[in-house]
$ cat start01.pdb   # PDB, C-alpha atoms
ATOM      1  CA  MET A 109      -0.355   1.876  14.602  1.00  0.00           C
ATOM      2  CA  LEU A 110      -4.022   2.601  15.184  1.00  0.00           C
ATOM      3  CA  LEU A 111      -4.943  -0.974  14.360  1.00  0.00           C
ATOM      4  CA  GLU A 112      -2.250  -2.551  16.497  1.00  0.00           C
ATOM      5  CA  ASP A 113      -3.450  -5.718  18.235  1.00  0.00           C
ATOM      6  CA  TRP A 114      -6.764  -5.814  16.356  1.00  0.00           C
ATOM      7  CA  LEU A 115      -5.946  -9.395  15.469  1.00  0.00           C
ATOM      8  CA  ALA A 116      -4.691 -10.215  18.971  1.00  0.00           C
ATOM      9  CA  PRO A 117      -7.345 -12.865  19.678  1.00  0.00           C
ATOM     10  CA  LEU A 118      -5.854 -14.973  16.865  1.00  0.00           C
ATOM     11  CA  SER A 119      -2.791 -17.139  17.239  1.00  0.00           C
ATOM     12  CA  ALA A 120       0.513 -15.702  16.017  1.00  0.00           C
ATOM     13  CA  ARG A 121       0.578 -17.951  12.951  1.00  0.00           C
ATOM     14  CA  THR A 122      -2.991 -17.054  11.964  1.00  0.00           C
ATOM     15  CA  GLU A 123      -2.340 -13.355  12.552  1.00  0.00           C
ATOM     16  CA  ARG A 124       0.721 -13.387  10.284  1.00  0.00           C
ATOM     17  CA  ALA A 125      -1.106 -15.306   7.560  1.00  0.00           C
ATOM     18  CA  THR A 126      -4.064 -12.918   7.732  1.00  0.00           C
ATOM     19  CA  LEU A 127      -1.826  -9.863   7.494  1.00  0.00           C
ATOM     20  CA  LEU A 128       0.104 -11.378   4.591  1.00  0.00           C
ATOM     21  CA  LEU A 129      -3.090 -12.158   2.689  1.00  0.00           C
ATOM     22  CA  ALA A 130      -4.496  -8.687   3.402  1.00  0.00           C
ATOM     23  CA  THR A 131      -1.276  -7.081   2.152  1.00  0.00           C
ATOM     24  CA  LEU A 132      -1.283  -9.146  -1.029  1.00  0.00           C
ATOM     25  CA  ALA A 133      -4.963  -8.372  -1.642  1.00  0.00           C
ATOM     26  CA  LEU A 134      -4.410  -4.638  -1.142  1.00  0.00           C
ATOM     27  CA  THR A 135      -1.434  -4.740  -3.495  1.00  0.00           C
ATOM     28  CA  ALA A 136      -3.471  -6.492  -6.172  1.00  0.00           C
ATOM     29  CA  VAL A 137      -6.370  -4.059  -5.842  1.00  0.00           C
ATOM     30  CA  LEU A 138      -4.101  -1.018  -6.000  1.00  0.00           C
ATOM     31  CA  THR A 139      -2.294  -2.407  -9.038  1.00  0.00           C
ATOM     32  CA  ILE A 140      -5.551  -3.008 -10.872  1.00  0.00           C
ATOM     33  CA  VAL A 141      -7.025   0.388  -9.960  1.00  0.00           C
ATOM     34  CA  LEU A 142      -3.880   2.385 -10.727  1.00  0.00           C
ATOM     35  CA  THR A 143      -3.401   0.570 -14.035  1.00  0.00           C
ATOM     36  CA  ALA A 144      -7.005   1.299 -15.016  1.00  0.00           C
ATOM     37  CA  VAL A 145      -6.559   4.973 -14.137  1.00  0.00           C
ATOM     38  CA  ALA A 146      -3.273   5.181 -16.038  1.00  0.00           C
ATOM     39  CA  ARG A 147      -4.788   3.644 -19.152  1.00  0.00           C
ATOM     40  CA  SER A 148      -7.662   6.119 -19.084  1.00  0.00           C
ATOM     41  CA  LEU A 149      -5.245   9.076 -19.063  1.00  0.00           C
ATOM     42  CA  HIS A 150      -3.748  10.438 -22.237  1.00  0.00           C
ATOM     43  CA  LEU A 151      -0.090  10.199 -21.268  1.00  0.00           C
ATOM     44  CA  THR A 152       2.643  11.566 -23.497  1.00  0.00           C
ATOM     45  CA  GLY A 153       6.275  10.791 -22.905  1.00  0.00           C
ATOM     46  CA  ILE A 154       5.694   8.041 -20.335  1.00  0.00           C
ATOM     47  CA  THR A 155       3.962   4.696 -20.288  1.00  0.00           C
ATOM     48  CA  ALA A 156       1.096   3.612 -18.056  1.00  0.00           C
ATOM     49  CA  ASP A 157       3.537   1.423 -16.103  1.00  0.00           C
ATOM     50  CA  ASP A 158       5.737   4.460 -15.402  1.00  0.00           C
ATOM     51  CA  TRP A 159       2.734   6.381 -14.084  1.00  0.00           C
ATOM     52  CA  VAL A 160       1.663   3.462 -11.857  1.00  0.00           C
ATOM     53  CA  GLU A 161       5.208   3.191 -10.487  1.00  0.00           C
ATOM     54  CA  HIS A 162       5.347   6.918  -9.756  1.00  0.00           C
ATOM     55  CA  ALA A 163       1.932   6.912  -8.030  1.00  0.00           C
ATOM     56  CA  ALA A 164       2.831   3.846  -5.954  1.00  0.00           C
ATOM     57  CA  LEU A 165       6.153   5.326  -4.847  1.00  0.00           C
ATOM     58  CA  ASN A 166       4.407   8.574  -3.885  1.00  0.00           C
ATOM     59  CA  ALA A 167       1.931   6.638  -1.744  1.00  0.00           C
ATOM     60  CA  LEU A 168       4.719   4.609  -0.158  1.00  0.00           C
ATOM     61  CA  SER A 169       6.852   7.650   0.642  1.00  0.00           C
ATOM     62  CA  THR A 170       3.868   9.511   2.112  1.00  0.00           C
ATOM     63  CA  SER A 171       3.015   6.609   4.391  1.00  0.00           C
ATOM     64  CA  ILE A 172       6.638   6.274   5.527  1.00  0.00           C
ATOM     65  CA  ILE A 173       6.933   9.987   6.260  1.00  0.00           C
ATOM     66  CA  LEU A 174       3.672   9.991   8.209  1.00  0.00           C
ATOM     67  CA  HIS A 175       4.649   6.855  10.136  1.00  0.00           C
ATOM     68  CA  VAL A 176       8.000   8.337  11.170  1.00  0.00           C
ATOM     69  CA  ALA A 177       6.597  11.807  11.868  1.00  0.00           C
ATOM     70  CA  ILE A 178       3.787  10.468  14.034  1.00  0.00           C
ATOM     71  CA  GLY A 179       5.448   7.368  15.425  1.00  0.00           C
ATOM     72  CA  ARG A 180       8.684   9.021  16.526  1.00  0.00           C
ATOM     73  CA  ARG A 181       7.089  11.840  18.509  1.00  0.00           C
TER      74      ARG A 181
END

$ encode --input "start01.pdb" --output "structure tokens"
Amino acid sequence: MLLEDWLAPLSARTERATLLLATLALTAVLTIVLTAVARSLHLTGITADDWVEHAALNALSTSIILHVAIGRR
């Protein structure tokens, strides 16, 4: 919400494409980083993929809670 309209000078099509590419790039970076962290940990009982899934869902739920808590006030 803080960055709303920061791409406003662009056309709608270009703005959507830019946001899509930025989202895909962020997803790729987070996947690589979280996988590297998970493989460096000595996990017992779960796999590195399970840890990455858990960390990603925690990040997603935190962002949703903050968005609703701040955005709905």

$ closest_residue --input "start01.pdb" --among "A:Leu127, A:Ala146, A:Ile178, A:Leu151" --to "A:Leu115" --atoms "only C-alpha atoms"
A:Leu127

$ atom_distance --input "start01.pdb" --atom1 "atom CA of A:Leu138" --atom2 "atom CA of A:Ala164"
8.5 Å

$ atom_distance --input "start01.pdb" --atom1 "atom CA of A:Val141" --atom2 "atom CA of A:Ala163"
11.2 Å

$ resolve_selection --input "start01.pdb" --expression "the PyMOL selection byres ((chain A and resi 158-160) around 9)" --output "PyMOL selection string"
chain A and resi 139+142-143+145-146+151+154-157+161-165

$ write_last_selection --input "start01.pdb" --atoms "C-alpha atoms" --output "PDB file, keeping the file's coordinate frame"
ATOM      1  CA  THR A 139      -2.294  -2.407  -9.038  1.00  0.00           C
ATOM      2  CA  LEU A 142      -3.880   2.385 -10.727  1.00  0.00           C
ATOM      3  CA  THR A 143      -3.401   0.570 -14.035  1.00  0.00           C
ATOM      4  CA  VAL A 145      -6.559   4.973 -14.137  1.00  0.00           C
ATOM      5  CA  ALA A 146      -3.273   5.181 -16.038  1.00  0.00           C
ATOM      6  CA  LEU A 151      -0.090  10.199 -21.268  1.00  0.00           C
ATOM      7  CA  ILE A 154       5.694   8.041 -20.335  1.00  0.00           C
ATOM      8  CA  THR A 155       3.962   4.696 -20.288  1.00  0.00           C
ATOM      9  CA  ALA A 156       1.096   3.612 -18.056  1.00  0.00           C
ATOM     10  CA  ASP A 157       3.537   1.423 -16.103  1.00  0.00           C
ATOM     11  CA  GLU A 161       5.208   3.191 -10.487  1.00  0.00           C
ATOM     12  CA  HIS A 162       5.347   6.918  -9.756  1.00  0.00           C
ATOM     13  CA  ALA A 163       1.932   6.912  -8.030  1.00  0.00           C
ATOM     14  CA  ALA A 164       2.831   3.846  -5.954  1.00  0.00           C
ATOM     15  CA  LEU A 165       6.153   5.326  -4.847  1.00  0.00           C
TER      16      LEU A 165
END

$ atom_distance --input "start01.pdb" --atom1 "atom CA of A:Ala125" --atom2 "atom CA of A:Leu174"
25.8 Å

$ axis_aligned_box --input "start01.pdb" --around "stretch 129-132 of chain A" --padding-each-side "3 Å" --output "AutoDock Vina command-line options"
--center_x -2.9 --center_y -9.6 --center_z 1.2 --size_x 9.2 --size_y 11.1 --size_z 10.4
